[in-house]
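Everything below belongs to run_29.tsv, which stores TSV, C-alpha atoms.
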```
chain	number	residue	atom	x	y	z
A	1	MET	CA	86.85	274.89	90.93
A	2	PHE	CA	90.39	274.58	89.55
A	3	PHE	CA	89.96	270.86	88.93
A	4	LYS	CA	86.96	271.57	86.72
A	5	LEU	CA	89.21	273.59	84.43
A	6	ASP	CA	91.63	272.28	81.84
A	7	PRO	CA	94.88	271.55	83.77
A	8	GLU	CA	97.02	274.00	81.82
A	9	LYS	CA	94.40	276.75	82.00
A	10	ALA	CA	94.22	276.26	85.76
A	11	HIS	CA	98.01	276.38	85.92
A	12	HIS	CA	98.15	279.74	84.12
A	13	LEU	CA	95.24	281.08	86.17
A	14	VAL	CA	97.12	280.40	89.41
A	15	VAL	CA	100.48	281.75	88.23
A	16	ASP	CA	99.03	284.81	86.51
A	17	GLY	CA	96.68	285.37	89.43
A	18	LEU	CA	99.56	285.41	91.90
A	19	HIS	CA	101.48	287.74	89.60
A	20	THR	CA	98.59	290.19	89.48
A	21	ALA	CA	97.57	289.87	93.13
A	22	ALA	CA	101.08	290.65	94.36
A	23	LYS	CA	100.85	294.06	92.70
A	24	VAL	CA	97.79	295.04	94.75
A	25	PRO	CA	98.75	296.86	97.96
A	26	GLY	CA	98.06	294.77	101.04
A	27	ILE	CA	97.45	291.47	99.24
A	28	VAL	CA	100.84	289.87	99.97
A	29	PRO	CA	100.52	290.44	103.76
A	30	ILE	CA	97.01	288.95	103.62
A	31	MET	CA	98.32	285.88	101.76
A	32	ARG	CA	101.12	285.55	104.28
A	33	GLY	CA	98.59	285.73	107.09
A	34	LEU	CA	96.41	283.05	105.50
A	35	TYR	CA	99.08	280.62	104.32
A	36	GLY	CA	102.48	281.82	105.48
A	37	VAL	CA	104.77	279.88	107.77
A	38	GLN	CA	106.55	281.53	110.68
A	39	GLU	CA	110.26	280.80	110.73
A	40	THR	CA	111.27	278.52	113.59
A	41	PRO	CA	114.84	277.92	114.78
A	42	GLU	CA	114.68	274.13	114.47
A	43	LEU	CA	113.72	274.19	110.78
A	44	ALA	CA	115.72	277.18	109.50
A	45	SER	CA	119.12	276.37	108.03
A	46	ASP	CA	122.07	277.76	106.07
A	47	LEU	CA	123.39	276.04	102.96
A	48	PHE	CA	125.51	277.25	100.02
A	49	GLY	CA	126.01	280.47	102.01
A	50	ILE	CA	122.24	281.09	101.83
A	51	HIS	CA	119.70	281.27	104.66
A	52	PHE	CA	116.64	279.06	104.20
A	53	PRO	CA	113.78	279.94	106.60
A	54	SER	CA	112.17	276.54	105.97
A	55	PRO	CA	113.47	273.31	104.41
A	56	VAL	CA	110.45	273.04	102.07
A	57	GLY	CA	110.70	274.74	98.68
A	58	LEU	CA	108.76	274.96	95.44
A	59	ALA	CA	110.16	272.88	92.59
A	60	ALA	CA	110.66	274.26	89.10
A	61	GLY	CA	107.84	274.11	86.59
A	62	LEU	CA	105.09	276.23	88.14
A	63	ASP	CA	106.61	279.70	87.72
A	64	LYS	CA	108.41	279.19	84.43
A	65	ASN	CA	109.17	282.87	83.82
A	66	GLY	CA	109.81	284.25	87.30
A	67	ARG	CA	106.65	286.37	87.22
A	68	SER	CA	105.07	285.24	90.52
A	69	VAL	CA	107.94	285.11	92.99
A	70	ALA	CA	106.28	287.56	95.38
A	71	GLY	CA	103.06	285.52	95.44
A	72	PHE	CA	104.67	282.12	95.94
A	73	SER	CA	107.01	283.59	98.55
A	74	ALA	CA	103.99	284.54	100.66
A	75	ILE	CA	102.48	281.06	101.03
A	76	GLY	CA	105.01	279.39	103.27
A	77	PHE	CA	107.86	278.20	101.06
A	78	GLY	CA	111.41	278.36	102.35
A	79	PHE	CA	112.78	278.83	98.83
A	80	MET	CA	111.61	278.37	95.24
A	81	GLU	CA	112.85	277.53	91.78
A	82	VAL	CA	111.80	279.48	88.71
A	83	GLY	CA	112.03	278.02	85.20
A	84	THR	CA	113.07	275.90	83.45
A	85	VAL	CA	114.29	278.84	81.36
A	86	THR	CA	116.11	278.57	78.02
A	87	PRO	CA	118.19	281.21	76.18
A	88	LYS	CA	115.48	281.85	73.59
A	89	GLY	CA	111.77	281.82	74.31
A	90	GLN	CA	109.97	278.77	72.94
A	91	PRO	CA	106.34	277.58	72.91
A	92	GLY	CA	107.01	274.06	74.15
A	93	ASN	CA	105.17	270.98	72.95
A	94	GLU	CA	101.69	270.87	71.46
A	95	GLN	CA	98.66	270.86	73.74
A	96	PRO	CA	97.23	269.00	75.55
A	97	ARG	CA	100.43	268.46	77.49
A	98	LEU	CA	99.40	268.41	81.16
A	99	PHE	CA	97.25	265.67	82.71
A	100	ARG	CA	95.89	265.05	86.20
A	101	LEU	CA	95.70	261.49	87.53
A	102	PRO	CA	93.62	261.91	90.72
A	103	GLN	CA	93.39	258.20	91.59
A	104	ASP	CA	97.17	258.05	91.54
A	105	GLU	CA	97.75	261.48	93.14
A	106	ALA	CA	99.98	262.25	90.19
A	107	LEU	CA	100.51	264.51	87.20
A	108	ILE	CA	101.91	263.84	83.75
A	109	ASN	CA	103.41	266.74	81.86
A	110	ARG	CA	105.15	267.04	78.53
A	111	MET	CA	105.35	270.83	78.53
A	112	GLY	CA	108.73	270.96	76.79
A	113	PHE	CA	110.38	273.95	78.49
A	114	ASN	CA	107.78	276.50	77.36
A	115	ASN	CA	109.06	279.90	78.51
A	116	PHE	CA	109.71	283.47	77.38
A	117	GLY	CA	113.51	283.19	77.41
A	118	ALA	CA	116.40	284.19	79.67
A	119	GLU	CA	116.28	287.92	78.99
A	120	ALA	CA	112.55	288.08	79.73
A	121	MET	CA	113.08	286.28	83.03
A	122	ALA	CA	115.92	288.65	83.90
A	123	GLU	CA	113.54	291.59	83.39
A	124	GLU	CA	110.97	290.02	85.70
A	125	LEU	CA	113.42	289.19	88.46
A	126	ALA	CA	115.01	292.65	88.20
A	127	LYS	CA	111.66	294.15	89.24
A	128	LEU	CA	111.86	292.47	92.65
A	129	LYS	CA	113.23	295.02	95.09
A	130	THR	CA	113.29	292.62	98.02
A	131	ARG	CA	112.88	288.87	98.47
A	132	SER	CA	111.70	287.04	101.53
A	133	ILE	CA	113.03	283.65	100.36
A	134	PRO	CA	115.93	282.47	98.17
A	135	VAL	CA	115.19	282.05	94.46
A	136	ALA	CA	116.93	279.46	92.30
A	137	VAL	CA	116.95	279.71	88.51
A	138	ASN	CA	116.50	276.37	86.75
A	139	ILE	CA	118.22	276.46	83.35
A	140	GLY	CA	117.95	274.26	80.26
A	141	LYS	CA	118.70	274.12	76.56
A	142	ASN	CA	116.46	275.09	73.67
A	143	LYS	CA	114.78	272.23	71.84
A	144	ALA	CA	116.53	273.17	68.57
A	145	THR	CA	120.00	273.19	70.12
A	146	PRO	CA	121.97	269.99	69.41
A	147	ASN	CA	123.59	268.32	72.39
A	148	GLU	CA	127.09	269.16	71.18
A	149	ASP	CA	126.19	272.86	71.54
A	150	ALA	CA	124.13	272.51	74.71
A	151	HIS	CA	126.84	274.00	76.91
A	152	ARG	CA	126.43	277.33	75.12
A	153	ASP	CA	122.75	277.48	76.11
A	154	TYR	CA	123.56	276.86	79.77
A	155	GLU	CA	126.37	279.43	79.66
A	156	HIS	CA	124.00	281.98	78.12
A	157	CYS	CA	121.39	281.48	80.85
A	158	ILE	CA	123.99	281.80	83.60
A	159	SER	CA	125.39	284.99	82.08
A	160	ALA	CA	121.96	286.59	81.58
A	161	LEU	CA	120.57	285.67	84.99
A	162	TYR	CA	123.56	285.59	87.34
A	163	PRO	CA	122.73	288.89	89.12
A	164	TYR	CA	119.17	287.75	89.85
A	165	ALA	CA	119.59	284.16	91.06
A	166	ASP	CA	120.50	283.13	94.58
A	167	PHE	CA	121.65	279.84	93.07
A	168	PHE	CA	121.29	277.88	89.83
A	169	VAL	CA	119.96	274.44	88.89
A	170	VAL	CA	121.17	272.71	85.72
A	171	ASN	CA	118.28	270.71	84.26
A	172	ILE	CA	119.59	267.78	82.21
A	173	SER	CA	116.90	265.34	83.28
A	174	SER	CA	113.55	266.44	81.86
A	175	PRO	CA	112.09	263.69	79.64
A	176	ASN	CA	110.27	266.25	77.48
A	177	THR	CA	113.14	267.70	75.44
A	178	PRO	CA	114.54	265.24	72.87
A	179	ASP	CA	117.96	263.79	73.81
A	180	LEU	CA	118.28	266.05	76.88
A	181	ARG	CA	118.75	263.10	79.24
A	182	ASN	CA	121.72	261.93	77.19
A	183	LEU	CA	123.62	264.84	78.76
A	184	GLN	CA	123.54	262.91	82.06
A	185	HIS	CA	125.86	260.22	80.79
A	186	GLY	CA	129.38	259.65	79.50
A	187	SER	CA	131.78	262.39	78.56
A	188	GLU	CA	128.88	264.72	77.68
A	189	LEU	CA	128.11	265.19	81.37
A	190	ALA	CA	131.71	265.97	82.33
A	191	LEU	CA	132.13	268.44	79.46
A	192	LEU	CA	128.84	270.18	80.19
A	193	LEU	CA	129.59	270.57	83.89
A	194	GLN	CA	133.07	271.86	83.12
A	195	ALA	CA	131.52	274.57	80.93
A	196	VAL	CA	128.92	275.38	83.60
A	197	THR	CA	131.41	275.66	86.47
A	198	GLU	CA	133.77	277.78	84.37
A	199	GLN	CA	130.93	280.14	83.45
A	200	MET	CA	129.84	280.35	87.10
A	201	ALA	CA	133.40	281.23	88.11
A	202	LEU	CA	133.62	283.87	85.38
A	203	GLU	CA	130.37	285.50	86.48
A	204	GLY	CA	131.41	285.25	90.11
A	205	LYS	CA	134.51	287.30	89.37
A	206	ARG	CA	132.49	289.79	87.33
A	207	TYR	CA	129.97	290.43	90.09
A	208	GLY	CA	132.18	289.77	93.09
A	209	SER	CA	130.01	287.01	94.52
A	210	ASN	CA	130.28	283.26	94.09
A	211	LYS	CA	127.00	281.38	93.79
A	212	ALA	CA	126.05	277.74	94.00
A	213	VAL	CA	125.03	275.59	91.05
A	214	LEU	CA	123.27	272.23	91.42
A	215	VAL	CA	122.44	269.47	88.95
A	216	LYS	CA	118.96	267.94	88.72
A	217	ILE	CA	119.03	264.22	87.94
A	218	ALA	CA	116.47	261.71	86.66
A	219	PRO	CA	115.10	258.74	88.60
A	220	ASP	CA	115.15	256.45	85.57
A	221	VAL	CA	118.72	255.19	85.83
A	222	SER	CA	120.37	251.94	86.84
A	223	ASP	CA	122.56	251.75	89.93
A	224	ALA	CA	125.66	251.67	87.74
A	225	GLU	CA	124.53	254.72	85.75
A	226	LEU	CA	123.70	256.56	88.97
A	227	GLU	CA	127.09	255.82	90.49
A	228	TYR	CA	128.92	257.08	87.42
A	229	MET	CA	126.71	260.17	87.21
A	230	VAL	CA	127.19	261.05	90.87
A	231	ASP	CA	130.94	260.47	90.65
A	232	THR	CA	131.14	262.82	87.65
A	233	ILE	CA	128.98	265.44	89.36
A	234	GLN	CA	131.07	265.30	92.53
A	235	LYS	CA	134.36	265.60	90.61
A	236	SER	CA	133.04	268.56	88.59
A	237	GLY	CA	132.98	270.85	91.61
A	238	VAL	CA	129.28	271.74	91.45
A	239	SER	CA	127.63	272.54	94.76
A	240	GLY	CA	125.08	269.73	95.00
A	241	LEU	CA	122.25	267.97	93.23
A	242	ILE	CA	118.48	267.66	93.17
A	243	ALA	CA	117.00	264.17	93.28
A	244	THR	CA	114.86	263.76	91.34
A	245	ASN	CA	113.10	265.01	88.22
A	246	THR	CA	109.93	263.36	86.89
A	247	THR	CA	109.86	259.72	85.78
A	248	ILE	CA	108.88	257.98	82.56
A	249	SER	CA	107.86	254.89	84.55
A	250	ARG	CA	104.15	254.05	84.72
A	251	ASP	CA	104.25	251.20	87.24
A	252	GLY	CA	101.07	250.68	89.22
A	253	LEU	CA	99.03	253.56	87.75
A	254	LYS	CA	95.24	253.28	87.56
A	255	HIS	CA	94.11	256.40	85.69
A	256	PRO	CA	93.33	256.07	81.96
A	257	ASP	CA	95.67	258.98	81.19
A	258	ALA	CA	98.61	256.89	82.40
A	259	LYS	CA	99.20	256.08	78.73
A	260	GLU	CA	100.10	259.70	77.98
A	261	THR	CA	103.76	260.38	77.31
A	262	GLY	CA	105.73	262.79	79.47
A	263	GLY	CA	107.17	263.06	82.93
A	264	LEU	CA	105.21	261.63	85.85
A	265	SER	CA	105.29	263.42	89.21
A	266	GLY	CA	103.50	262.84	92.48
A	267	LYS	CA	102.91	259.86	94.78
A	268	PRO	CA	104.20	257.16	92.40
A	269	LEU	CA	107.63	258.82	92.59
A	270	THR	CA	107.83	259.03	96.39
A	271	GLN	CA	109.85	255.91	97.15
A	272	ARG	CA	112.05	255.96	94.05
A	273	SER	CA	113.25	259.51	94.68
A	274	THR	CA	113.94	258.67	98.34
A	275	ASP	CA	115.95	255.62	97.27
A	276	ILE	CA	118.01	257.78	94.88
A	277	ILE	CA	118.69	260.27	97.69
A	278	SER	CA	119.82	257.45	99.96
A	279	HIS	CA	122.13	256.05	97.28
A	280	VAL	CA	123.70	259.45	96.58
A	281	TYR	CA	124.22	260.21	100.26
A	282	ARG	CA	125.80	256.82	100.85
A	283	GLN	CA	128.05	257.04	97.79
A	284	THR	CA	129.29	260.54	98.64
A	285	GLU	CA	129.38	259.88	102.40
A	286	GLY	CA	127.21	262.94	102.88
A	287	GLY	CA	129.73	265.17	101.12
A	288	LEU	CA	127.41	266.43	98.36
A	289	PRO	CA	124.35	268.41	99.50
A	290	ILE	CA	121.06	267.03	98.17
A	291	ILE	CA	117.68	268.67	97.64
A	292	GLY	CA	115.02	265.95	97.70
A	293	SER	CA	112.12	266.19	95.26
A	294	GLY	CA	109.47	263.74	94.19
A	295	GLY	CA	106.15	262.66	95.68
A	296	ILE	CA	106.17	264.67	98.91
A	297	PHE	CA	102.60	264.95	100.19
A	298	THR	CA	103.05	264.58	103.96
A	299	ALA	CA	105.55	265.59	106.61
A	300	GLU	CA	106.55	261.92	106.81
A	301	ASP	CA	107.38	261.93	103.08
A	302	ALA	CA	109.60	264.98	103.54
A	303	TYR	CA	111.17	263.64	106.71
A	304	ASN	CA	112.00	260.30	105.07
A	305	LYS	CA	113.92	262.16	102.38
A	306	ILE	CA	115.76	264.20	104.98
A	307	ARG	CA	116.67	261.09	106.98
A	308	ALA	CA	117.80	259.50	103.70
A	309	GLY	CA	120.21	262.40	103.18
A	310	ALA	CA	118.40	265.46	101.81
A	311	SER	CA	119.30	268.83	103.32
A	312	LEU	CA	116.23	270.49	101.78
A	313	VAL	CA	113.12	269.24	99.98
A	314	GLU	CA	110.77	270.51	97.26
A	315	ILE	CA	107.12	270.00	96.40
A	316	TYR	CA	105.11	270.54	93.23
A	317	THR	CA	102.29	268.05	92.70
A	318	ALA	CA	101.18	268.20	96.35
A	319	LEU	CA	100.57	271.93	95.98
A	320	ILE	CA	98.24	271.21	93.04
A	321	TYR	CA	96.27	268.59	94.97
A	322	GLU	CA	96.40	270.01	98.51
A	323	GLY	CA	96.47	273.77	97.94
A	324	PRO	CA	98.60	276.34	99.78
A	325	GLU	CA	97.71	274.91	103.21
A	326	ILE	CA	100.22	272.16	102.48
A	327	ASN	CA	103.17	274.22	103.72
A	328	ARG	CA	101.76	274.73	107.20
A	329	LYS	CA	100.98	271.01	107.44
A	330	LEU	CA	104.50	270.07	106.40
A	331	HIS	CA	106.11	272.62	108.71
A	332	ARG	CA	104.05	271.53	111.72
A	333	GLY	CA	104.57	267.84	110.97
A	334	LEU	CA	108.33	268.16	110.55
A	335	ARG	CA	108.65	269.84	113.94
A	336	GLU	CA	106.67	267.02	115.55
A	337	LEU	CA	108.81	264.37	113.88
A	338	LEU	CA	112.02	266.05	115.01
A	339	ARG	CA	110.75	266.09	118.59
A	340	ARG	CA	109.66	262.45	118.33
A	341	ASP	CA	113.17	261.40	117.36
A	342	GLY	CA	114.90	263.61	119.92
A	343	PHE	CA	116.42	266.05	117.43
A	344	SER	CA	116.68	269.73	118.29
A	345	HIS	CA	117.47	270.87	114.74
A	346	ILE	CA	116.71	269.64	111.22
A	347	SER	CA	120.44	269.27	110.50
A	348	GLU	CA	120.62	266.43	113.02
A	349	ALA	CA	118.12	264.41	110.98
A	350	ILE	CA	119.97	264.72	107.65
A	351	GLY	CA	121.23	261.26	106.75
A	352	ALA	CA	120.09	259.80	110.09
A	353	ASP	CA	119.09	256.53	108.42
A	354	HIS	CA	122.75	255.92	107.57
A	355	ARG	CA	123.98	256.24	111.15
```

Take the structure I supplied and represent it as C-alpha cells, if you would.
Amino acid sequence: MFFKLDPEKAHHLVVDGLHTAAKVPGIVPIMRGLYGVQETPELASDLFGIHFPSPVGLAAGLDKNGRSVAGFSAIGFGFMEVGTVTPKGQPGNEQPRLFRLPQDEALINRMGFNNFGAEAMAEELAKLKTRSIPVAVNIGKNKATPNEDAHRDYEHCISALYPYADFFVVNISSPNTPDLRNLQHGSELALLLQAVTEQMALEGKRYGSNKAVLVKIAPDVSDAELEYMVDTIQKSGVSGLIATNTTISRDGLKHPDAKETGGLSGKPLTQRSTDIISHVYRQTEGGLPIIGSGGIFTAEDAYNKIRAGASLVEIYTALIYEGPEINRKLHRGLRELLRRDGFSHISEAIGADHR
C-alpha cells in the first residue's frame, strides 16, 4: 500500500501516523508486542555513558522533527537519531526529492534538511516524560548560512537542544546542502569541531552533565582524504563518528531514477560503508567508537560492520523496504552469528576482523 503512494507522502504518513498513534492509550504497548525486541544480555551494551538495549538504531532522516520518538521506540530499535535539525526551520529542496529504486534496493533523496527548526524540536522532545531508548539529535546548518558562519548554526542547535539529547551527531556530510561537504576537509573541519566541542563543554557545565558528540562522514572520499579527516576528528576530542552518510556514486544501478541527483542509500552502499568502518578502526587502532550505517538489510550486513569495527549500527532504507519486522530479524540473526563465532557478547565481535 505504501509503495503505491508517492514516496514523500508515504514517508509523512508513517511519521505522522506514529506520532498520532503514540498518543492513543494502549497503542504503544500493542506496537511493542507486535514489533518490539526483548533486551538480551549478549546484545545490550554501554557506550558514551549510555545504555543501549540493542546495537541496532534508526538513522537520521525519518523523524526530522522529533515528533515520533515514542512510536519508533516501540518497534525494536536500540536507539534512534532525530533530525537533521537546523537553527531555523526551512522547507528543503523542491519536490519531487525522494525516489525509490526497488531493483537496486535503494533510495535517492535530495530533501535538503527540511525541518521545523531547533526550537520546535526542543518543544517536541520536552513533551517526552520517559524514553525507552537513547535519542541522538543530528544537527546541521541552514542552507542560507555560509560555511564561514556554519559553526554558529551548530552551536545554536547544541544550545537549544542540549537538555533533550542523549548525544549529538554533527552532520557535515549530506550531499543535499550546497558546500556542506566542504566542512569535512582542511582547516574548516578543525575549526568547526573546535567550536562544537567548546559549545558541548559549555552546555555540560551549565546542565551538570557531559554528553557525547559524534561526526557523520561521507563515503565519497579518497583514502588520503579519509585519513586526514579521521586524524582531525580524533584530535578534536569528539566522542566518535558515524560511517557513513549517503553516497553520490551511482555505480551498478539499474533503475531509471538512478539519474536523479541526491544522496543514495541502501544496498549499493553496503560494502563501501563497511570498508570505511574498517579503515577508520584500523587507523585509530579501535580508539574512536564507530556507529556503522549504510546498506544494512540482513544480520550478516550488520555483523560485518561490527566485525569491521562498529560498536553500534543504524538502518534506514531497510526499514522502508522490509517494514518494522526488520528489527526482530536483525536481533535474532546477530545472536545466532555471535554463537556461531563463539562470542558471548557483542563487544567481543567489535573489530574481530582486525585480530

So which residues touch Val69 of chain A within 9 Å, counting only C-alpha atoms, skipping near sequence neighbours fewer than 4 positions away, as a short mmCIF file (atom, residue, chain, number, x, y, z; two decimals) with C-alpha atoms, in the coordinates of the input?
```
data_model
loop_
_atom_site.label_atom_id
_atom_site.label_comp_id
_atom_site.auth_asym_id
_atom_site.auth_seq_id
_atom_site.Cartn_x
_atom_site.Cartn_y
_atom_site.Cartn_z
CA LEU A 18 99.56 285.41 91.90
CA HIS A 19 101.48 287.74 89.60
CA ALA A 22 101.08 290.65 94.36
CA ASP A 63 106.61 279.70 87.72
CA SER A 73 107.01 283.59 98.55
CA ALA A 74 103.99 284.54 100.66
CA MET A 80 111.61 278.37 95.24
CA VAL A 82 111.80 279.48 88.71
CA LEU A 125 113.42 289.19 88.46
CA LEU A 128 111.86 292.47 92.65
CA ARG A 131 112.88 288.87 98.47
CA VAL A 135 115.19 282.05 94.46
#
```

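Among the candidate residues A:Ile233, A:Phe72, A:Pro146, A:Leu101, the one lying nearest to Lys259 of chain A is A:Leu101, with distances computed using only C-alpha atoms.
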
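For Thr84 of chain A, the non-local neighbours within 10 Å, defined as residues at least 2 positions apart in the same chain or in other chains and counting only C-alpha atoms, are Ala60, Gly61, Leu62, Asp63, Lys64, Asn65, Gly66, Glu81, Val82, Thr86, Gly112, Phe113, Asn114, Asn115, Gly117, Ala118, Val137, Asn138, Ile139, Gly140, Lys141, Val169, Val170, Asn171 and Ser174 of chain A.
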
Just the selected residues (C-alpha atoms), exported as an mmCIF file, in the frame of the given file, please.
```cif
data_model
loop_
_atom_site.group_PDB
_atom_site.id
_atom_site.type_symbol
_atom_site.label_atom_id
_atom_site.label_comp_id
_atom_site.auth_asym_id
_atom_site.auth_seq_id
_atom_site.Cartn_x
_atom_site.Cartn_y
_atom_site.Cartn_z
ATOM 1 C CA ALA A 60 110.660 274.260 89.100
ATOM 2 C CA GLY A 61 107.840 274.110 86.590
ATOM 3 C CA LEU A 62 105.090 276.230 88.140
ATOM 4 C CA ASP A 63 106.610 279.700 87.720
ATOM 5 C CA LYS A 64 108.410 279.190 84.430
ATOM 6 C CA ASN A 65 109.170 282.870 83.820
ATOM 7 C CA GLY A 66 109.810 284.250 87.300
ATOM 8 C CA GLU A 81 112.850 277.530 91.780
ATOM 9 C CA VAL A 82 111.800 279.480 88.710
ATOM 10 C CA THR A 86 116.110 278.570 78.020
ATOM 11 C CA GLY A 112 108.730 270.960 76.790
ATOM 12 C CA PHE A 113 110.380 273.950 78.490
ATOM 13 C CA ASN A 114 107.780 276.500 77.360
ATOM 14 C CA ASN A 115 109.060 279.900 78.510
ATOM 15 C CA GLY A 117 113.510 283.190 77.410
ATOM 16 C CA ALA A 118 116.400 284.190 79.670
ATOM 17 C CA VAL A 137 116.950 279.710 88.510
ATOM 18 C CA ASN A 138 116.500 276.370 86.750
ATOM 19 C CA ILE A 139 118.220 276.460 83.350
ATOM 20 C CA GLY A 140 117.950 274.260 80.260
ATOM 21 C CA LYS A 141 118.700 274.120 76.560
ATOM 22 C CA VAL A 169 119.960 274.440 88.890
ATOM 23 C CA VAL A 170 121.170 272.710 85.720
ATOM 24 C CA ASN A 171 118.280 270.710 84.260
ATOM 25 C CA SER A 174 113.550 266.440 81.860
#
```

Among A:Tyr281, A:Tyr162, A:Tyr228, A:Tyr207, Ala310 of chain A is approached most closely, using all atoms listed in the file, by A:Tyr281

What is the distance between atom CA of Phe167 of chain A and atom CA of Ala212 of chain A, in Å to one decimal?
5.0 Å

Need to verify the contact set: segment 47-55 of chain A, 10 Å, all atoms listed in the file, exclusion of same-chain residues closer than 4 positions in sequence. Can you return it as an MDAnalysis selection string?
chainID A and resid 37:43 76:79 132:134 166:167 210:213 239:240 289 291 302 306 310:314 327 330:331 334 346

Saved selection, atoms kept: C-alpha atoms, as an mmCIF file, in the frame of the given file:
```
data_model
loop_
_atom_site.group_PDB
_atom_site.id
_atom_site.type_symbol
_atom_site.label_atom_id
_atom_site.label_comp_id
_atom_site.auth_asym_id
_atom_site.auth_seq_id
_atom_site.Cartn_x
_atom_site.Cartn_y
_atom_site.Cartn_z
ATOM 1 C CA VAL A 37 104.770 279.880 107.770
ATOM 2 C CA GLN A 38 106.550 281.530 110.680
ATOM 3 C CA GLU A 39 110.260 280.800 110.730
ATOM 4 C CA THR A 40 111.270 278.520 113.590
ATOM 5 C CA PRO A 41 114.840 277.920 114.780
ATOM 6 C CA GLU A 42 114.680 274.130 114.470
ATOM 7 C CA LEU A 43 113.720 274.190 110.780
ATOM 8 C CA GLY A 76 105.010 279.390 103.270
ATOM 9 C CA PHE A 77 107.860 278.200 101.060
ATOM 10 C CA GLY A 78 111.410 278.360 102.350
ATOM 11 C CA PHE A 79 112.780 278.830 98.830
ATOM 12 C CA SER A 132 111.700 287.040 101.530
ATOM 13 C CA ILE A 133 113.030 283.650 100.360
ATOM 14 C CA PRO A 134 115.930 282.470 98.170
ATOM 15 C CA ASP A 166 120.500 283.130 94.580
ATOM 16 C CA PHE A 167 121.650 279.840 93.070
ATOM 17 C CA ASN A 210 130.280 283.260 94.090
ATOM 18 C CA LYS A 211 127.000 281.380 93.790
ATOM 19 C CA ALA A 212 126.050 277.740 94.000
ATOM 20 C CA VAL A 213 125.030 275.590 91.050
ATOM 21 C CA SER A 239 127.630 272.540 94.760
ATOM 22 C CA GLY A 240 125.080 269.730 95.000
ATOM 23 C CA PRO A 289 124.350 268.410 99.500
ATOM 24 C CA ILE A 291 117.680 268.670 97.640
ATOM 25 C CA ALA A 302 109.600 264.980 103.540
ATOM 26 C CA ILE A 306 115.760 264.200 104.980
ATOM 27 C CA ALA A 310 118.400 265.460 101.810
ATOM 28 C CA SER A 311 119.300 268.830 103.320
ATOM 29 C CA LEU A 312 116.230 270.490 101.780
ATOM 30 C CA VAL A 313 113.120 269.240 99.980
ATOM 31 C CA GLU A 314 110.770 270.510 97.260
ATOM 32 C CA ASN A 327 103.170 274.220 103.720
ATOM 33 C CA LEU A 330 104.500 270.070 106.400
ATOM 34 C CA HIS A 331 106.110 272.620 108.710
ATOM 35 C CA LEU A 334 108.330 268.160 110.550
ATOM 36 C CA ILE A 346 116.710 269.640 111.220
#
```

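Coordinates place atom CA of Gly309 of chain A at a distance of 8.3 Å from atom CA of Gly292 of chain A.
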
Neighbourhood query: residues within 10 Å of (96.9, 273.2, 74.0), file coordinates, counting all atoms listed in the file; return as a count of residues only.
10

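Nearest-residue note for Ile326 of chain A: choosing from A:Ala352, A:Ala44, A:Ile108, A:Leu34, the minimum distance belongs to A:Leu34, counting all atoms listed in the file.
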
For Thr270 of chain A, list every protein, DNA or RNA residue within 12 Å, evaluated using only C-alpha atoms, and leave out those in the same chain fewer than 4 positions away; present the list as a ChimeraX atom specification.
/A:104-106,219,243-247,264-266,274-277,292-298,300-305,314-315,317-318

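Here atom CA of Tyr316 of chain A and atom CA of Leu58 of chain A stand 6.1 Å from one another.
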
Long-range neighbours of Phe99 of chain A as a list in words, 7 Å cut-off, all atoms listed in the file, 3 positions minimum in chain
Pro7, Leu107, Ile108 and Asn109 of chain A

Next, the residues of the selection above should be written as a CSV table (one decimal), in the coordinates of the input with C-alpha atoms.
```
chain,number,residue,atom,x,y,z
A,7,PRO,CA,94.9,271.6,83.8
A,107,LEU,CA,100.5,264.5,87.2
A,108,ILE,CA,101.9,263.8,83.8
A,109,ASN,CA,103.4,266.7,81.9
```

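Among the candidates A:Ile350, A:Val230, A:Leu180, A:Ala126, the residue lying nearest to His151 of chain A is A:Leu180 (atoms considered: only C-alpha atoms).
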
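With only C-alpha atoms as the atoms that count, the residue of A:Phe2, A:Tyr35, A:Phe343, A:Phe168 with the shortest distance to Val14 of chain A is A:Phe2.
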
Rank nothing, just name the residue among A:Ala122, A:Leu202, A:Ala136, A:Ala218 nearest to Gly57 of chain A, using all atoms listed in the file.
A:Ala136

Listed atoms of segment 174-192 of chain A boxed axis-aligned with 6 Å per side, centre + edges as lines of an AutoDock Vina configuration file:
```
center_x = 121.2
center_y = 264.9
center_z = 77.6
size_x = 33.9
size_y = 22.5
size_z = 21.5
```
